[in-house]
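Engineer: Dropping a structure here in structure tokens format, bear with me for questions.
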Amino acid sequence: MKVAILQFPGSNCDWDAEHAVRDVLNVPAQRVWHKAALPAETEAVIVPGGFSFGDYLRCGAIARFSPIMSDLIEFARKGGQVLGICNGFQILCEAGLLPGALVRNDCIEFRCLNQALRVEDSNDRFNQAKMGSQIALPIAHGEGNYRADEEVLSELEANAQVLLRYVGNPNGSVNDIAGIRNEAGNVYGMMPHPERAIEPHHPCQDGLPVLKAFLDPIRKNNPIELSAS
Amino acid sequence: MTDQAPAALPPNPDPCLNVEITPELVSQHGLLPEEYEDVLKILGREPNLTELGIFSVMWSEHCAYKNTRKLLRLFPTEKQDKDAIGQVLVKAGEENAGVIDVGEGWGVAFKIESHNHPSAIEPFEGAATGVGGIVRDIFTMGARPVLLTNSLRFGSLESAQVKRLFRGVVSGISHYGNCLGIPNMGGDVYFDDCYEGNPLVNALCAGILRHEDIQRGAATGVGNPVYYVGPGTGRDGLGGASFASRELTEESAEDRPAVQKGDPFMEKLLLEACLEMMAIPGLVVGIQDMGAAGLTCSTCETASRGNSGIEIDLDLVPQRETGMNSYEIMLSESQERMLVIVNRGRERELEEVFEKWDLHAARIGEVKEGDRMVVRHKGVVVADLPAKSLTDEAPVYDQPASEPVHVTQARDWAPESVPELSADGVGDALEKLLKHPTIASKRWVWQQYDHMVMSGCTVEPGSDAGVVRLSIAGIDKYLAIANDCNNRFCYLDPYRGAQIAFAECMRNLACSGAKALAVTDNLNFANPNKPEAYHMLKECVKGLADACAFFDVPVVGGNVSLYNEHGEGAIDPTPVVSMVGLIDKAERVTRSFLSQPEEEIVLLGDLPHEIGASHFLQTQFGKKEGRVPEIDLESEKKVQGFLLSQISNGNVRAAHDVSDGGLLVALAEMLFEKSELGMTVKLDSLGASGRLDALLFGESQGRILVSVSQRDSFLQAAEQAGVPARSIGTSDSSGRLKVSVAGDEILDSDVSGLCEAWAQSIPKLMMQD
């Protein structure tokens, strides 16, 4: 296996992520139950969207205590590639793998739409040259309002850790932040769903370069043939 | 067991056995004296309180369809054409949901169900558990749910109370469905004073499964263990089924304990665990959800279907409240629970799956010889009944019917009673219609629903039908779903109104490129004991049944909700028609919006000419009156067939049916996805009515607007097919909608202004307290 897609009780974008990576990007992928160990051959991990543990207490607050999380933290500490999407982003924040937190949308309601986003020049993998300056990706969340204290925010900005910003902020996120990475550049988190914008029947295919950027390091020796680009 | 007559064991550990059954108690349980006589005859003795409760819920309208069962037999339940796609694999009434074939060994299970009364009292929980219930019906069949949709009806959105209900219902649906991760494709929402105090909340779920994986809700195999799976039983939802079978009153708020509380996370676990369990070959014998009437309904229905007896012990039922008696345990409608019968000796396989998902799996009984449903509690028998007496022997009624005066009046209505609209009033009339919440954009609703999860959303809500790709089945086919029911039409002419609901629904599918396969219907009506209400119910069912037969589109399941009355008023008859269609090629998926300038717009069908029963009469004069438009099923079939053939040929860019609000509203709506576009429309005459209002705002049936790539060949093909067609306009980049009739300009409006009125109407209303 190359890409492990974590499955918590209440995950509901686990199949979508697996389908995107395995069937569309042609990279081996497999769902891994939260009570299992992270398989030894894992090269990248996606923490998918959903409502892990029903979002009880706080989004992601219970999932961070799942058995697999110690493996995930170890994997990330060793430089392993991790992407958290939507609820996955919330879990990574709760687990301390990414800074900040996600709280209730300022409009109070759930929002599902194809959202315009500005791509930031974050690093050599994630930048405007690779993806274009503006893309659109579906969002679907009730708690995507990114919050961090002043110190964390200025660090994020100073280190170019912001990946994506909302164009027309749907949830009140500070600095319009839709996605960030850690300082080391191996842990990514975003509220938008790149896996929902990759196939011909989707509203657009802007999710392809985003997923490719994430999978880049594990594709080096085995370039991916994209079937849907 | 029958020799252990419960009454013979005083003093009793279960208080339900010591209660004297008085006529008042019988009446409080909604049973008529003659129905109670039947109970006595069936048992050969007096029931105890628990047994009385069991009869009460099983013989309620909600479970037994006692006032509608005869009428429902009018619906065709299978296809006449045995070679057509969409053969019925599981028929209406056989199981928890019907199943149809969609080819390549795949089937689709789908059904609609109402949660009207609970939503009137507790809108958030009522609507949420409505979603939960219908989703369980689908995965009980062994299907993976792939889409949700809703048909909602509310009173006028000006009222603060209606806003509270609307907001609560939408957020309840959003909360539950989003957590489950099943895309909600929106659906239809109407606002009309008749729903004041009695909103309608109908929820539909569709799922996909392999033919060989269809599960049955039957308890068979003597000695096979009966399992209870899911969270514990509490006192919530006590007697919900009988609550749903009464009129709403001021005191209904006191019924709040009859409204269940939902937990979508539990349902998600239950869904995954059940599908995982059902994927184990040969393990599951029967499975049934504990929906209305909970443990009662699931035990007696599985036994009845399996021609078996069943015995359960309530001491083994997981409980989350203490001191519950047998009446409470049997009648609780606690959510997210299932009854499962597995093959003896394989219990461990079931238990392992539920352990993985951290859910209870309690063995509470077993399948027995004979035909009795026996319930034990604290060591004594608390119910001992013939299972079939609760299901097959429920009373069936044929109520007296009489045509209401307003229906007779509507037939004799003359359009001359309405002053004619002049050209300078067109812009204002159009804006009023676009702002009416029934016609205005429903984005406020569906942007709260996750319609993109499961990666299949192909046509998002807001077009004529929602379309999802069946990616999860690994097939390149598309499922389309549409709901319809114009209550104004059904109120004024129930037979015709129901036929129009069917035809419009099917037309919506055709406009999306989908071939209609089958129907699930939700019959929402008033008190059937009132002859006028029963007449409208009967006529609607006849109209719908005749349309189903004509188009060979069978009914594979549905729901009946009666007693939709509140205070002095009753709802208009609302037979919601939901239809599933199939699109077999990606390029045939069609949307209702124009995307570029210089698209040619063709109107299929003659110029509209009927103003009766229209929304225009409502928004302009506040009137719900008039003759309902004609519906000619033969020409409807022709026009839809022609549209589908042109879509297959690749000659159609967009298609939109002319319905609520009429021709001008439909033309404007086609521009609203890209409001920088404009359109010049030239209508050569006023049409058959000679009236501007009837032409522009009349709701004549069988009309479709089509944007075509090859105008001349399209018109030629229409002529050959005998379908009236005329080129009426062209899109441009002017940002203006210009309309002329017989050479006279009657409208020149800014599209972005019209779009703003349409898009912002509901959000603005919802922002005012």
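As shown in the structure tokens, the chain order sets the letters A, B, ...; within each chain, residues go from 1, and ligands are also counted from 1 in the order they appear.
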Using only C-alpha atoms, tabulate the residues of chain B lying at most 8 Å from any atom of chain A, each with its closest atom pair and that distance in Å to one decimal, by chain and increasing residue number, as a Markdown table.

Structural biologist:
| residue | atom | partner | partner_atom | distance |
| --- | --- | --- | --- | --- |
| B:Ser171 | CA | A:Glu109 | CA | 7.9 |
| B:Ser174 | CA | A:Phe110 | CA | 7.5 |
| B:Cys179 | CA | A:Phe51 | CA | 5.7 |
| B:Leu180 | CA | A:Asn12 | CA | 6.9 |
| B:Gly181 | CA | A:Asn12 | CA | 5.2 |
| B:Pro264 | CA | A:Gly54 | CA | 7.4 |
| B:Phe265 | CA | A:Gly54 | CA | 4.7 |
| B:Lys268 | CA | A:Gly10 | CA | 6.3 |
| B:Leu269 | CA | A:Pro9 | CA | 6.6 |
| B:Trp357 | CA | A:Pro9 | CA | 7.2 |
| B:Trp446 | CA | A:Cys112 | CA | 7.9 |
| B:Gln447 | CA | A:Cys112 | CA | 4.9 |
| B:Gln448 | CA | A:Phe110 | CA | 4.8 |
| B:Tyr449 | CA | A:Cys112 | CA | 6.4 |
| B:Asp450 | CA | A:Cys112 | CA | 5.5 |
| B:His451 | CA | A:Cys112 | CA | 7.2 |
| B:Met452 | CA | A:Arg196 | CA | 7.1 |
| B:Val453 | CA | A:Cys13 | CA | 6.8 |
| B:Met454 | CA | A:Asp16 | CA | 5.6 |
| B:Ser455 | CA | A:Arg196 | CA | 5.4 |
| B:Gly456 | CA | A:His202 | CA | 7.7 |
| B:Cys457 | CA | A:His202 | CA | 6.9 |
| B:Thr458 | CA | A:His201 | CA | 5.3 |
| B:Arg469 | CA | A:His201 | CA | 7.8 |
| B:Ala586 | CA | A:His201 | CA | 7.8 |

Engineer: Kindly save the residues from that selection, with N, CA and C atoms included, as a CSV table (one decimal), in the first residue's frame.

Structural biologist:
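Writing the result to part.csv gives the following:
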chain,number,residue,atom,x,y,z
B,171,SER,N,-32.8,22.6,9.1
B,171,SER,CA,-31.6,22.3,9.8
B,171,SER,C,-31.6,20.9,10.3
B,174,SER,N,-30.6,18.8,7.4
B,174,SER,CA,-29.2,19.0,7.1
B,174,SER,C,-28.3,18.3,8.1
B,179,CYS,N,-24.4,14.3,8.3
B,179,CYS,CA,-23.6,13.4,9.2
B,179,CYS,C,-23.5,12.0,8.6
B,180,LEU,N,-24.6,11.6,8.0
B,180,LEU,CA,-24.6,10.2,7.4
B,180,LEU,C,-23.8,10.2,6.2
B,181,GLY,N,-23.6,11.3,5.5
B,181,GLY,CA,-22.8,11.3,4.3
B,181,GLY,C,-23.5,10.8,3.1
B,264,PRO,N,-27.7,10.9,14.4
B,264,PRO,CA,-27.2,10.5,13.1
B,264,PRO,C,-25.9,9.7,13.2
B,265,PHE,N,-25.1,9.9,14.2
B,265,PHE,CA,-23.8,9.2,14.4
B,265,PHE,C,-24.2,7.7,14.6
B,268,LYS,N,-25.2,6.2,11.4
B,268,LYS,CA,-24.1,5.9,10.5
B,268,LYS,C,-23.4,4.6,10.9
B,269,LEU,N,-23.2,4.4,12.2
B,269,LEU,CA,-22.6,3.2,12.7
B,269,LEU,C,-23.5,2.0,12.3
B,357,TRP,N,-18.1,-2.0,15.5
B,357,TRP,CA,-18.7,-0.7,15.4
B,357,TRP,C,-19.2,-0.2,16.8
B,446,TRP,N,-30.9,24.2,0.0
B,446,TRP,CA,-29.9,23.2,-0.3
B,446,TRP,C,-28.5,23.5,-0.2
B,447,GLN,N,-28.1,24.7,0.1
B,447,GLN,CA,-26.7,25.0,0.4
B,447,GLN,C,-26.4,24.5,1.8
B,448,GLN,N,-27.5,24.2,2.6
B,448,GLN,CA,-27.3,23.6,3.9
B,448,GLN,C,-27.2,22.1,3.9
B,449,TYR,N,-27.4,21.5,2.7
B,449,TYR,CA,-27.3,20.1,2.5
B,449,TYR,C,-26.0,19.7,1.8
B,450,ASP,N,-25.3,18.7,2.3
B,450,ASP,CA,-24.2,18.2,1.6
B,450,ASP,C,-24.6,17.4,0.4
B,451,HIS,N,-24.7,18.1,-0.8
B,451,HIS,CA,-25.1,17.3,-2.0
B,451,HIS,C,-24.0,16.8,-2.8
B,452,MET,N,-22.7,17.0,-2.4
B,452,MET,CA,-21.6,16.5,-3.2
B,452,MET,C,-20.9,15.3,-2.6
B,453,VAL,N,-21.2,15.0,-1.3
B,453,VAL,CA,-20.5,13.8,-0.7
B,453,VAL,C,-20.8,12.6,-1.5
B,454,MET,N,-19.9,11.6,-1.5
B,454,MET,CA,-19.9,10.4,-2.3
B,454,MET,C,-19.5,10.6,-3.7
B,455,SER,N,-19.1,11.9,-4.0
B,455,SER,CA,-18.5,12.2,-5.3
B,455,SER,C,-19.3,12.0,-6.5
B,456,GLY,N,-20.7,11.8,-6.3
B,456,GLY,CA,-21.5,11.5,-7.4
B,456,GLY,C,-22.3,12.6,-8.0
B,457,CYS,N,-22.4,13.8,-7.3
B,457,CYS,CA,-23.3,14.8,-7.7
B,457,CYS,C,-23.0,15.3,-9.1
B,458,THR,N,-23.9,15.2,-10.0
B,458,THR,CA,-23.7,15.5,-11.4
B,458,THR,C,-24.5,16.7,-11.8
B,469,ARG,N,-24.1,10.4,-10.2
B,469,ARG,CA,-23.5,9.3,-10.9
B,469,ARG,C,-23.3,8.1,-9.9
B,586,ALA,N,-23.1,9.7,-20.0
B,586,ALA,CA,-22.8,11.0,-19.4
B,586,ALA,C,-23.2,12.1,-20.3

Engineer: So that I can see what lies close to Ala129 in chain A, please list as a ChimeraX atom specification the residues with an atom at most 12 Å from it, counting only C-alpha atoms and leaving out residues fewer than 5 positions away in the same chain.

Structural biologist: /A:119-124,134,209,213

Engineer: What is the CA of Ala29 in chain A to CA of Arg64 in chain A distance in Å?

Structural biologist: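 Going from CA of Ala29 in chain A over to CA of Arg64 in chain A, I get 22.1 Å.
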
Engineer: Please identify all polymer residues within 7 Å of range 75-88 of chain A, counting only C-alpha atoms, omitting same-chain residues fewer than 2 positions from it, and present them as number ranges by chain.

Structural biologist: A: 43-51, 59-60, 71-73, 90-92, 186-193

Engineer: Which residue, B:Asp732, B:Glu267, B:Asp14, B:Glu78, has the smallest gap to Asn325 in chain B when you use only C-alpha atoms?

Structural biologist: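 Selected residue with least distance to Asn325 in chain B: B:Asp14.
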
Engineer: Let's see if you can do this: from backbone DSSP, list all strand (DSSP E) residues in range 523-654 of chain B, as a PyMOL selection string.

Structural biologist: chain B and resi 523-524+555-561+565-566+569-570+574-583+600-604+652-654

Engineer: Write out as a list in words the residues lying within 10 Å of Asn175 in chain A, counting only C-alpha atoms and excluding same-chain residues fewer than 4 positions away.

Structural biologist: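 That gives Tyr146, Arg147, Leu153, Glu157, Val162, Arg165, Tyr166 and Asn169 of chain A.
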
Engineer: Since we have the selection now, will you write its residues out, keeping C-alpha atoms, as a PDB file, in the first residue's frame?

Structural biologist:
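The resulting result_24.pdb:
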ATOM      1  CA  TYR A 146     -10.326  28.796  11.188  1.00  0.00           C
ATOM      2  CA  ARG A 147      -9.026  30.450  14.353  1.00  0.00           C
ATOM      3  CA  LEU A 153      -1.091  33.579  12.692  1.00  0.00           C
ATOM      4  CA  GLU A 157       1.989  34.068   7.363  1.00  0.00           C
ATOM      5  CA  VAL A 162      -1.148  29.227   4.214  1.00  0.00           C
ATOM      6  CA  ARG A 165      -7.622  31.407   1.016  1.00  0.00           C
ATOM      7  CA  TYR A 166     -11.339  31.873   0.446  1.00  0.00           C
ATOM      8  CA  ASN A 169     -15.253  34.060   2.913  1.00  0.00           C
TER       9      ASN A 169
END

Engineer: Given the choices B:His609, B:Lys738, B:Lys585, B:His211, which gets closest to Arg627 in chain B if the distance is worked out from only C-alpha atoms?

Structural biologist: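 Counting only C-alpha atoms, the residue closest to Arg627 in chain B is B:His609.
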
Engineer: Please list as an NGL selection string every residue within 10 Å of range 531-546 of chain B, counting only C-alpha atoms and excluding residues in the same chain fewer than 3 positions away.

Structural biologist: :B and (67-68 or 70-77 or 398-405 or 407 or 490-503 or 521 or 523-528 or 549-555 or 562-563 or 570-575 or 577 or 633)

Engineer: Set out as CSV a contact list for range 651-764 of chain B and range 413-435 of chain B with a cut-off of 8 Å, giving each residue of range 651-764 of chain B that qualifies its closest atom pair and distance in Å to one decimal, counting only C-alpha atoms, ordered by chain and rising residue number.

Structural biologist:
residue,atom,partner,partner_atom,distance
B:Gly661,CA,B:Leu433,CA,6.3
B:Leu664,CA,B:Leu430,CA,7.3
B:Val665,CA,B:Leu430,CA,6.8
B:Arg691,CA,B:Glu420,CA,6.8
B:Leu692,CA,B:Leu421,CA,6.3
B:Asp693,CA,B:Leu421,CA,5.5
B:Ile746,CA,B:Ala423,CA,5.1
B:Leu747,CA,B:Gly427,CA,6.3
B:Ser749,CA,B:Gly427,CA,7.3
B:Leu754,CA,B:Glu431,CA,6.6
B:Ala757,CA,B:Lys435,CA,5.7
B:Trp758,CA,B:Leu434,CA,4.9
B:Ser761,CA,B:Lys435,CA,5.3

Engineer: Write the residues you've just listed into a file as a compact mmCIF listing (two decimals), in the first residue's frame, and include N, CA and C atoms for each of them.

Structural biologist:
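Generated output (part.txt):
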# COMPACT_ATOMS: atom_id res chain seq x y z
N GLY B 661 -45.70 29.19 -12.35
CA GLY B 661 -45.44 30.56 -12.80
C GLY B 661 -45.54 30.74 -14.29
N LEU B 664 -43.09 32.77 -18.87
CA LEU B 664 -42.12 33.84 -18.67
C LEU B 664 -41.18 33.54 -17.49
N VAL B 665 -41.74 32.97 -16.45
CA VAL B 665 -40.92 32.57 -15.31
C VAL B 665 -39.89 31.52 -15.75
N ARG B 691 -55.28 36.10 -24.53
CA ARG B 691 -54.98 36.90 -23.32
C ARG B 691 -53.49 36.85 -23.01
N LEU B 692 -52.95 38.02 -22.66
CA LEU B 692 -51.54 38.12 -22.34
C LEU B 692 -51.20 37.33 -21.05
N ASP B 693 -52.08 37.42 -20.05
CA ASP B 693 -51.78 36.73 -18.78
C ASP B 693 -51.72 35.21 -18.98
N ILE B 746 -43.38 43.90 -24.83
CA ILE B 746 -44.14 43.92 -23.58
C ILE B 746 -43.22 43.82 -22.36
N LEU B 747 -41.94 43.55 -22.59
CA LEU B 747 -41.02 43.48 -21.44
C LEU B 747 -39.60 43.75 -21.91
N SER B 749 -36.39 43.88 -19.42
CA SER B 749 -35.97 43.89 -18.01
C SER B 749 -34.52 43.49 -17.84
N LEU B 754 -33.90 40.77 -12.05
CA LEU B 754 -34.86 39.67 -11.89
C LEU B 754 -34.24 38.55 -11.07
N ALA B 757 -34.15 39.40 -7.43
CA ALA B 757 -35.47 39.24 -6.79
C ALA B 757 -35.73 37.77 -6.48
N TRP B 758 -35.37 36.90 -7.44
CA TRP B 758 -35.59 35.47 -7.33
C TRP B 758 -34.66 34.84 -6.29
N SER B 761 -35.16 36.37 -2.38
CA SER B 761 -36.46 36.40 -1.72
C SER B 761 -36.48 35.62 -0.41

Engineer: Based on DSSP run over this structure's backbone, return all residues of range 488-660 of chain B in helix (DSSP H, G or I), as a PyMOL selection string.

Structural biologist: chain B and resi 488-492+494-511+531-551+586-588+615-621+633-648

Engineer: With C-alpha atoms retained, export the selected residues as a PDB file, in the first residue's frame.

Structural biologist:
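Below is the file out_31.pdb, written as the result:
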ATOM      1  CA  ARG B 488     -53.505  24.168  -5.980  1.00  0.00           C
ATOM      2  CA  PHE B 489     -54.253  21.802  -8.831  1.00  0.00           C
ATOM      3  CA  CYS B 490     -55.057  18.909  -6.499  1.00  0.00           C
ATOM      4  CA  TYR B 491     -57.345  21.079  -4.388  1.00  0.00           C
ATOM      5  CA  LEU B 492     -59.306  22.373  -7.361  1.00  0.00           C
ATOM      6  CA  PRO B 494     -58.005  16.203  -7.442  1.00  0.00           C
ATOM      7  CA  TYR B 495     -58.030  13.687 -10.296  1.00  0.00           C
ATOM      8  CA  ARG B 496     -56.410  16.000 -12.795  1.00  0.00           C
ATOM      9  CA  GLY B 497     -54.114  17.528 -10.194  1.00  0.00           C
ATOM     10  CA  ALA B 498     -52.630  14.139  -9.370  1.00  0.00           C
ATOM     11  CA  GLN B 499     -52.157  13.358 -13.065  1.00  0.00           C
ATOM     12  CA  ILE B 500     -50.376  16.664 -13.518  1.00  0.00           C
ATOM     13  CA  ALA B 501     -48.113  15.910 -10.543  1.00  0.00           C
ATOM     14  CA  PHE B 502     -47.160  12.668 -12.265  1.00  0.00           C
ATOM     15  CA  ALA B 503     -46.692  14.244 -15.713  1.00  0.00           C
ATOM     16  CA  GLU B 504     -44.642  17.151 -14.370  1.00  0.00           C
ATOM     17  CA  CYS B 505     -42.406  14.858 -12.406  1.00  0.00           C
ATOM     18  CA  MET B 506     -41.792  12.708 -15.454  1.00  0.00           C
ATOM     19  CA  ARG B 507     -41.229  15.832 -17.568  1.00  0.00           C
ATOM     20  CA  ASN B 508     -38.618  17.021 -15.083  1.00  0.00           C
ATOM     21  CA  LEU B 509     -36.785  13.744 -15.538  1.00  0.00           C
ATOM     22  CA  ALA B 510     -37.044  14.004 -19.341  1.00  0.00           C
ATOM     23  CA  CYS B 511     -35.616  17.538 -19.181  1.00  0.00           C
ATOM     24  CA  PRO B 531     -66.514  12.721   3.092  1.00  0.00           C
ATOM     25  CA  GLU B 532     -65.106  15.711   1.187  1.00  0.00           C
ATOM     26  CA  ALA B 533     -61.560  14.950   2.277  1.00  0.00           C
ATOM     27  CA  TYR B 534     -62.010  11.292   1.402  1.00  0.00           C
ATOM     28  CA  HIS B 535     -63.347  12.223  -2.031  1.00  0.00           C
ATOM     29  CA  MET B 536     -60.203  14.195  -2.781  1.00  0.00           C
ATOM     30  CA  LEU B 537     -58.022  11.337  -1.558  1.00  0.00           C
ATOM     31  CA  LYS B 538     -59.871   8.858  -3.715  1.00  0.00           C
ATOM     32  CA  GLU B 539     -59.781  11.021  -6.845  1.00  0.00           C
ATOM     33  CA  CYS B 540     -56.083  11.788  -6.435  1.00  0.00           C
ATOM     34  CA  VAL B 541     -55.272   8.100  -6.090  1.00  0.00           C
ATOM     35  CA  LYS B 542     -57.357   7.271  -9.169  1.00  0.00           C
ATOM     36  CA  GLY B 543     -55.710  10.022 -11.199  1.00  0.00           C
ATOM     37  CA  LEU B 544     -52.263   8.931 -10.177  1.00  0.00           C
ATOM     38  CA  ALA B 545     -52.992   5.233 -10.736  1.00  0.00           C
ATOM     39  CA  ASP B 546     -54.335   5.934 -14.237  1.00  0.00           C
ATOM     40  CA  ALA B 547     -51.261   7.979 -15.126  1.00  0.00           C
ATOM     41  CA  CYS B 548     -48.948   5.253 -13.816  1.00  0.00           C
ATOM     42  CA  ALA B 549     -50.753   2.668 -15.934  1.00  0.00           C
ATOM     43  CA  PHE B 550     -50.748   4.887 -19.033  1.00  0.00           C
ATOM     44  CA  PHE B 551     -47.001   5.496 -18.894  1.00  0.00           C
ATOM     45  CA  ALA B 586     -22.754  10.974 -19.405  1.00  0.00           C
ATOM     46  CA  GLU B 587     -23.336  13.131 -22.476  1.00  0.00           C
ATOM     47  CA  ARG B 588     -27.103  12.820 -22.084  1.00  0.00           C
ATOM     48  CA  HIS B 615     -49.737  30.963  -9.244  1.00  0.00           C
ATOM     49  CA  PHE B 616     -50.384  34.199 -11.125  1.00  0.00           C
ATOM     50  CA  LEU B 617     -53.947  34.295  -9.780  1.00  0.00           C
ATOM     51  CA  GLN B 618     -52.480  33.881  -6.303  1.00  0.00           C
ATOM     52  CA  THR B 619     -49.740  36.495  -6.489  1.00  0.00           C
ATOM     53  CA  GLN B 620     -51.832  38.986  -8.479  1.00  0.00           C
ATOM     54  CA  PHE B 621     -55.269  38.608  -6.878  1.00  0.00           C
ATOM     55  CA  LEU B 633     -51.346  12.071 -21.445  1.00  0.00           C
ATOM     56  CA  GLU B 634     -50.997  11.075 -25.102  1.00  0.00           C
ATOM     57  CA  SER B 635     -49.395  14.363 -26.163  1.00  0.00           C
ATOM     58  CA  GLU B 636     -47.361  14.427 -22.964  1.00  0.00           C
ATOM     59  CA  LYS B 637     -45.894  11.062 -23.920  1.00  0.00           C
ATOM     60  CA  LYS B 638     -45.132  12.323 -27.404  1.00  0.00           C
ATOM     61  CA  VAL B 639     -43.410  15.521 -26.305  1.00  0.00           C
ATOM     62  CA  GLN B 640     -41.310  13.789 -23.657  1.00  0.00           C
ATOM     63  CA  GLY B 641     -40.370  10.974 -25.996  1.00  0.00           C
ATOM     64  CA  PHE B 642     -39.327  13.497 -28.620  1.00  0.00           C
ATOM     65  CA  LEU B 643     -37.211  15.451 -26.135  1.00  0.00           C
ATOM     66  CA  LEU B 644     -35.426  12.297 -24.975  1.00  0.00           C
ATOM     67  CA  SER B 645     -34.700  11.243 -28.549  1.00  0.00           C
ATOM     68  CA  GLN B 646     -33.243  14.681 -29.326  1.00  0.00           C
ATOM     69  CA  ILE B 647     -31.135  14.560 -26.175  1.00  0.00           C
ATOM     70  CA  SER B 648     -29.806  11.163 -27.318  1.00  0.00           C
TER      71      SER B 648
END

Engineer: For range 462-466 of chain B, please output as a PyMOL selection string all residues within 10 Å (counting only C-alpha atoms; exclusion window: fewer than 4 positions along the same chain).

Structural biologist: chain B and resi 147-149+184-188+441-443+446+451+457-458+478-483+504-514+579-581+590-593+655-657+669-670+673
